[in-house]
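Heads up: the structure comes next, in structure tokens.
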Amino acid sequence: QVQLAESGGGLVQAGDSLRISCAASGRTFSANAMGWFRQAPGKERELVATITWGTGNPYYADSVKGRFTISRDNAKNTVYMQMNSLKPEDTAVYYCAVASRPFSFLLSTTPDEYIIWGQGTRVTVSS
């Protein structure tokens, strides 16, 4: 059974750092882009960052550019996101997901382009 398991969320103060992880099991996803999304209460799920297969080129939402870094370790079948200078508006449940098209160079930025999702990890940033 294919599963994604996020971990590393928690309660931090504004300005702190946190690293969240997403471990895949059941199969390898080295040929797929991976993404991190977040959903705050009352808001739609939004893309935070995505990383391509192969060379692992990242893409970031403007709101996190310069503060967050996405990376992947294909040997460990794991995707990470280092979050620095956290702000209260970063508070959300963070989900990792696998893009539907393997070996694709097209940028996948919407939730419906991702086919496998984790259960999420909650990040709360206090002011």
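Chain identifiers are assigned as A, B, and so on, following the order in which chains appear in the structure tokens; residues are numbered from 1 within each chain, and ligands are numbered from 1 in order of appearance.
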
query: Do you know which residues are at most 9 Å from Val48 of chain A counting only C-alpha atoms, after dropping those on the same chain fewer than 3 positions away, and could you put them as JSON, numbers by chain?
result: {"A": [35, 36, 37, 38, 59, 60, 61, 62, 63, 64, 68, 94, 109]}

Output the selection as a CSV table (one decimal), in the first residue's frame - all heavy atoms for each residue.
chain,number,residue,atom,x,y,z
A,35,GLY,N,5.2,17.7,-3.9
A,35,GLY,CA,4.8,19.1,-3.5
A,35,GLY,C,4.4,19.1,-2.0
A,35,GLY,O,4.0,18.1,-1.4
A,36,TRP,N,4.6,20.3,-1.4
A,36,TRP,CA,4.1,20.6,-0.1
A,36,TRP,C,2.9,21.6,-0.3
A,36,TRP,O,3.1,22.7,-0.9
A,36,TRP,CB,5.2,21.2,0.8
A,36,TRP,CG,6.1,20.2,1.4
A,36,TRP,CD1,7.4,20.0,1.0
A,36,TRP,CD2,5.9,19.4,2.5
A,36,TRP,NE1,8.0,19.0,1.8
A,36,TRP,CE2,7.0,18.6,2.7
A,36,TRP,CE3,4.8,19.2,3.4
A,36,TRP,CZ2,7.2,17.7,3.7
A,36,TRP,CZ3,4.9,18.3,4.4
A,36,TRP,CH2,6.1,17.5,4.6
A,37,PHE,N,1.8,21.3,0.3
A,37,PHE,CA,0.7,22.2,0.3
A,37,PHE,C,0.4,22.5,1.8
A,37,PHE,O,0.8,21.9,2.7
A,37,PHE,CB,-0.6,21.6,-0.3
A,37,PHE,CG,-0.5,21.4,-1.8
A,37,PHE,CD1,0.3,20.4,-2.4
A,37,PHE,CD2,-1.2,22.3,-2.6
A,37,PHE,CE1,0.4,20.3,-3.8
A,37,PHE,CE2,-1.1,22.2,-4.0
A,37,PHE,CZ,-0.4,21.2,-4.6
A,38,ARG,N,-0.4,23.6,2.0
A,38,ARG,CA,-0.9,23.9,3.3
A,38,ARG,C,-2.3,24.3,3.3
A,38,ARG,O,-2.8,24.9,2.3
A,38,ARG,CB,0.0,24.9,4.0
A,38,ARG,CG,-0.1,26.3,3.4
A,38,ARG,CD,1.0,27.2,4.1
A,38,ARG,NE,1.0,28.6,3.6
A,38,ARG,CZ,1.8,29.5,3.9
A,38,ARG,NH1,2.8,29.2,4.8
A,38,ARG,NH2,1.8,30.7,3.4
A,59,TYR,N,10.3,25.1,-6.8
A,59,TYR,CA,9.4,26.2,-7.1
A,59,TYR,C,8.7,26.6,-5.8
A,59,TYR,O,8.3,25.7,-5.0
A,59,TYR,CB,8.4,25.8,-8.2
A,59,TYR,CG,7.3,26.8,-8.3
A,59,TYR,CD1,7.4,27.9,-9.1
A,59,TYR,CD2,6.1,26.7,-7.6
A,59,TYR,CE1,6.4,28.9,-9.3
A,59,TYR,CE2,5.1,27.6,-7.7
A,59,TYR,CZ,5.2,28.7,-8.6
A,59,TYR,OH,4.2,29.6,-8.7
A,60,TYR,N,8.6,27.9,-5.5
A,60,TYR,CA,8.0,28.3,-4.3
A,60,TYR,C,6.9,29.3,-4.5
A,60,TYR,O,7.0,30.2,-5.4
A,60,TYR,CB,9.1,29.0,-3.4
A,60,TYR,CG,10.2,28.1,-3.0
A,60,TYR,CD1,11.4,28.1,-3.8
A,60,TYR,CD2,10.1,27.2,-2.0
A,60,TYR,CE1,12.5,27.3,-3.4
A,60,TYR,CE2,11.2,26.4,-1.7
A,60,TYR,CZ,12.4,26.4,-2.4
A,60,TYR,OH,13.4,25.6,-2.1
A,61,ALA,N,5.9,29.3,-3.6
A,61,ALA,CA,4.9,30.4,-3.6
A,61,ALA,C,5.6,31.6,-3.1
A,61,ALA,O,6.6,31.6,-2.4
A,61,ALA,CB,3.8,30.0,-2.6
A,62,ASP,N,5.1,32.8,-3.6
A,62,ASP,CA,5.7,34.0,-3.3
A,62,ASP,C,5.7,34.3,-1.8
A,62,ASP,O,6.7,34.9,-1.3
A,62,ASP,CB,5.0,35.2,-4.0
A,62,ASP,CG,5.2,35.2,-5.5
A,62,ASP,OD1,6.2,34.6,-5.9
A,62,ASP,OD2,4.4,35.9,-6.2
A,63,SER,N,4.7,33.8,-1.1
A,63,SER,CA,4.6,34.0,0.3
A,63,SER,C,5.7,33.4,1.2
A,63,SER,O,6.0,33.8,2.3
A,63,SER,CB,3.3,33.5,0.9
A,63,SER,OG,3.1,32.2,0.6
A,64,VAL,N,6.4,32.4,0.6
A,64,VAL,CA,7.4,31.6,1.4
A,64,VAL,C,8.8,31.8,0.7
A,64,VAL,O,9.8,31.3,1.3
A,64,VAL,CB,7.1,30.2,1.6
A,64,VAL,CG1,5.7,30.0,2.2
A,64,VAL,CG2,7.2,29.4,0.3
A,68,PHE,N,11.6,29.4,3.0
A,68,PHE,CA,11.4,27.9,3.0
A,68,PHE,C,12.3,27.3,1.9
A,68,PHE,O,12.5,27.9,0.8
A,68,PHE,CB,9.9,27.6,2.6
A,68,PHE,CG,8.9,27.9,3.7
A,68,PHE,CD1,9.3,28.7,4.8
A,68,PHE,CD2,7.7,27.4,3.7
A,68,PHE,CE1,8.3,29.0,5.8
A,68,PHE,CE2,6.7,27.7,4.6
A,68,PHE,CZ,7.1,28.5,5.7
A,94,TYR,N,0.1,21.1,7.0
A,94,TYR,CA,1.0,21.0,5.9
A,94,TYR,C,0.9,19.5,5.4
A,94,TYR,O,1.0,18.6,6.1
A,94,TYR,CB,2.4,21.3,6.2
A,94,TYR,CG,2.6,22.8,6.4
A,94,TYR,CD1,2.1,23.5,7.4
A,94,TYR,CD2,3.3,23.5,5.4
A,94,TYR,CE1,2.3,24.9,7.5
A,94,TYR,CE2,3.5,24.9,5.5
A,94,TYR,CZ,3.0,25.6,6.6
A,94,TYR,OH,3.2,26.9,6.7
A,109,THR,N,1.1,22.9,-10.0
A,109,THR,CA,0.9,23.9,-8.9
A,109,THR,C,-0.5,23.8,-8.2
A,109,THR,O,-0.7,24.5,-7.2
A,109,THR,CB,1.1,25.3,-9.4
A,109,THR,OG1,0.1,25.5,-10.4
A,109,THR,CG2,2.5,25.5,-9.9

task: Write out as a count of residues only each polymer residue whose atoms come within 12 Å of Glu44 of chain A, counting only C-alpha atoms; drop sequence neighbours fewer than 3 positions from it.
output: 10

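Among the candidate residues A:Cys96, A:Asn74, A:Ala49, A:Pro102, the one lying nearest to Arg122 of chain A is A:Cys96, with distances computed using only C-alpha atoms.
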
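A straight line drawn from atom CA of Ser100 of chain A to atom CA of Gly42 of chain A is 26.5 Å long.
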
Kindly assemble as CSV a list of the segment 58-105 of chain A residues that lie within 9 Å of segment 13-33 of chain A, each paired with its nearest atom pair and their distance in Å to one decimal, using only C-alpha atoms, sorted first by chain and then by ascending residue number.
residue,atom,partner,partner_atom,distance
A:Arg72,CA,A:Ser30,CA,9.0
A:Asp73,CA,A:Ser30,CA,8.8
A:Asn74,CA,A:Ser30,CA,5.6
A:Ala75,CA,A:Ser30,CA,8.6
A:Lys76,CA,A:Ala23,CA,7.7
A:Asn77,CA,A:Ala24,CA,5.6
A:Thr78,CA,A:Ala23,CA,4.4
A:Val79,CA,A:Cys22,CA,5.1
A:Tyr80,CA,A:Ser21,CA,4.5
A:Met81,CA,A:Ile20,CA,5.4
A:Gln82,CA,A:Arg19,CA,4.4
A:Met83,CA,A:Leu18,CA,5.2
A:Asn84,CA,A:Ser17,CA,4.3
A:Ser85,CA,A:Gly15,CA,4.1
A:Leu86,CA,A:Gly15,CA,4.9
A:Lys87,CA,A:Ala14,CA,5.0
A:Pro88,CA,A:Ala14,CA,6.3
A:Tyr94,CA,A:Ile20,CA,8.6
A:Tyr95,CA,A:Cys22,CA,8.5
A:Cys96,CA,A:Cys22,CA,6.4
A:Ala97,CA,A:Ala33,CA,8.7
A:Val98,CA,A:Ala33,CA,6.3
A:Ala99,CA,A:Ala33,CA,5.3
A:Ser100,CA,A:Asn32,CA,7.2
A:Arg101,CA,A:Asn32,CA,6.5
A:Pro102,CA,A:Asn32,CA,4.6
A:Phe103,CA,A:Ala31,CA,5.4
A:Ser104,CA,A:Asn32,CA,7.4
A:Phe105,CA,A:Ala33,CA,8.7

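Here atom CA of Gly8 of chain A is placed at a distance of 13.5 Å from atom CA of Val125 of chain A.
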
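Excluding Gly56 of chain A and any residue on its chain fewer than 4 positions from it, the residues at most 8 Å away by only C-alpha atoms are Ile51, Thr52, Ser71 and Arg72 of chain A.
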
For the residues in the current selection, export all heavy atoms as a tab-separated table (two decimals), in the first residue's frame.
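And here is the file that came out, out24.tsv:
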chain	number	residue	atom	x	y	z
A	51	ILE	N	8.96	20.31	-5.99
A	51	ILE	CA	10.30	19.99	-6.44
A	51	ILE	C	10.19	18.94	-7.54
A	51	ILE	O	9.45	17.97	-7.43
A	51	ILE	CB	11.17	19.49	-5.27
A	51	ILE	CG1	12.63	19.28	-5.71
A	51	ILE	CG2	10.60	18.24	-4.61
A	51	ILE	CD1	13.59	19.14	-4.53
A	52	THR	N	10.91	19.18	-8.64
A	52	THR	CA	10.80	18.29	-9.79
A	52	THR	C	11.51	16.97	-9.55
A	52	THR	O	12.28	16.81	-8.60
A	52	THR	CB	11.43	18.94	-11.03
A	52	THR	OG1	12.84	19.14	-10.79
A	52	THR	CG2	10.78	20.28	-11.33
A	71	SER	N	13.47	20.08	-0.39
A	71	SER	CA	14.52	19.19	-0.89
A	71	SER	C	14.00	17.76	-0.88
A	71	SER	O	12.97	17.47	-0.25
A	71	SER	CB	15.78	19.31	-0.04
A	71	SER	OG	15.53	18.94	1.31
A	72	ARG	N	14.69	16.89	-1.59
A	72	ARG	CA	14.28	15.49	-1.62
A	72	ARG	C	15.50	14.60	-1.56
A	72	ARG	O	16.57	14.94	-2.09
A	72	ARG	CB	13.44	15.20	-2.85
A	72	ARG	CG	14.14	15.33	-4.19
A	72	ARG	CD	13.15	15.23	-5.36
A	72	ARG	NE	12.45	13.96	-5.38
A	72	ARG	CZ	11.36	13.73	-6.13
A	72	ARG	NH1	10.86	14.69	-6.88
A	72	ARG	NH2	10.79	12.55	-6.11

- request: Check chain A with DSSP on the backbone and list each residue it calls strand (DSSP E), as a PyMOL selection string.
  value: chain A and resi 3-7+10-13+18-25+34-39+46-51+58-60+68-73+78-83+92-99+114-117+121-126

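A straight line drawn from atom CA of Tyr114 of chain A to atom CA of Leu11 of chain A is 27.6 Å long.
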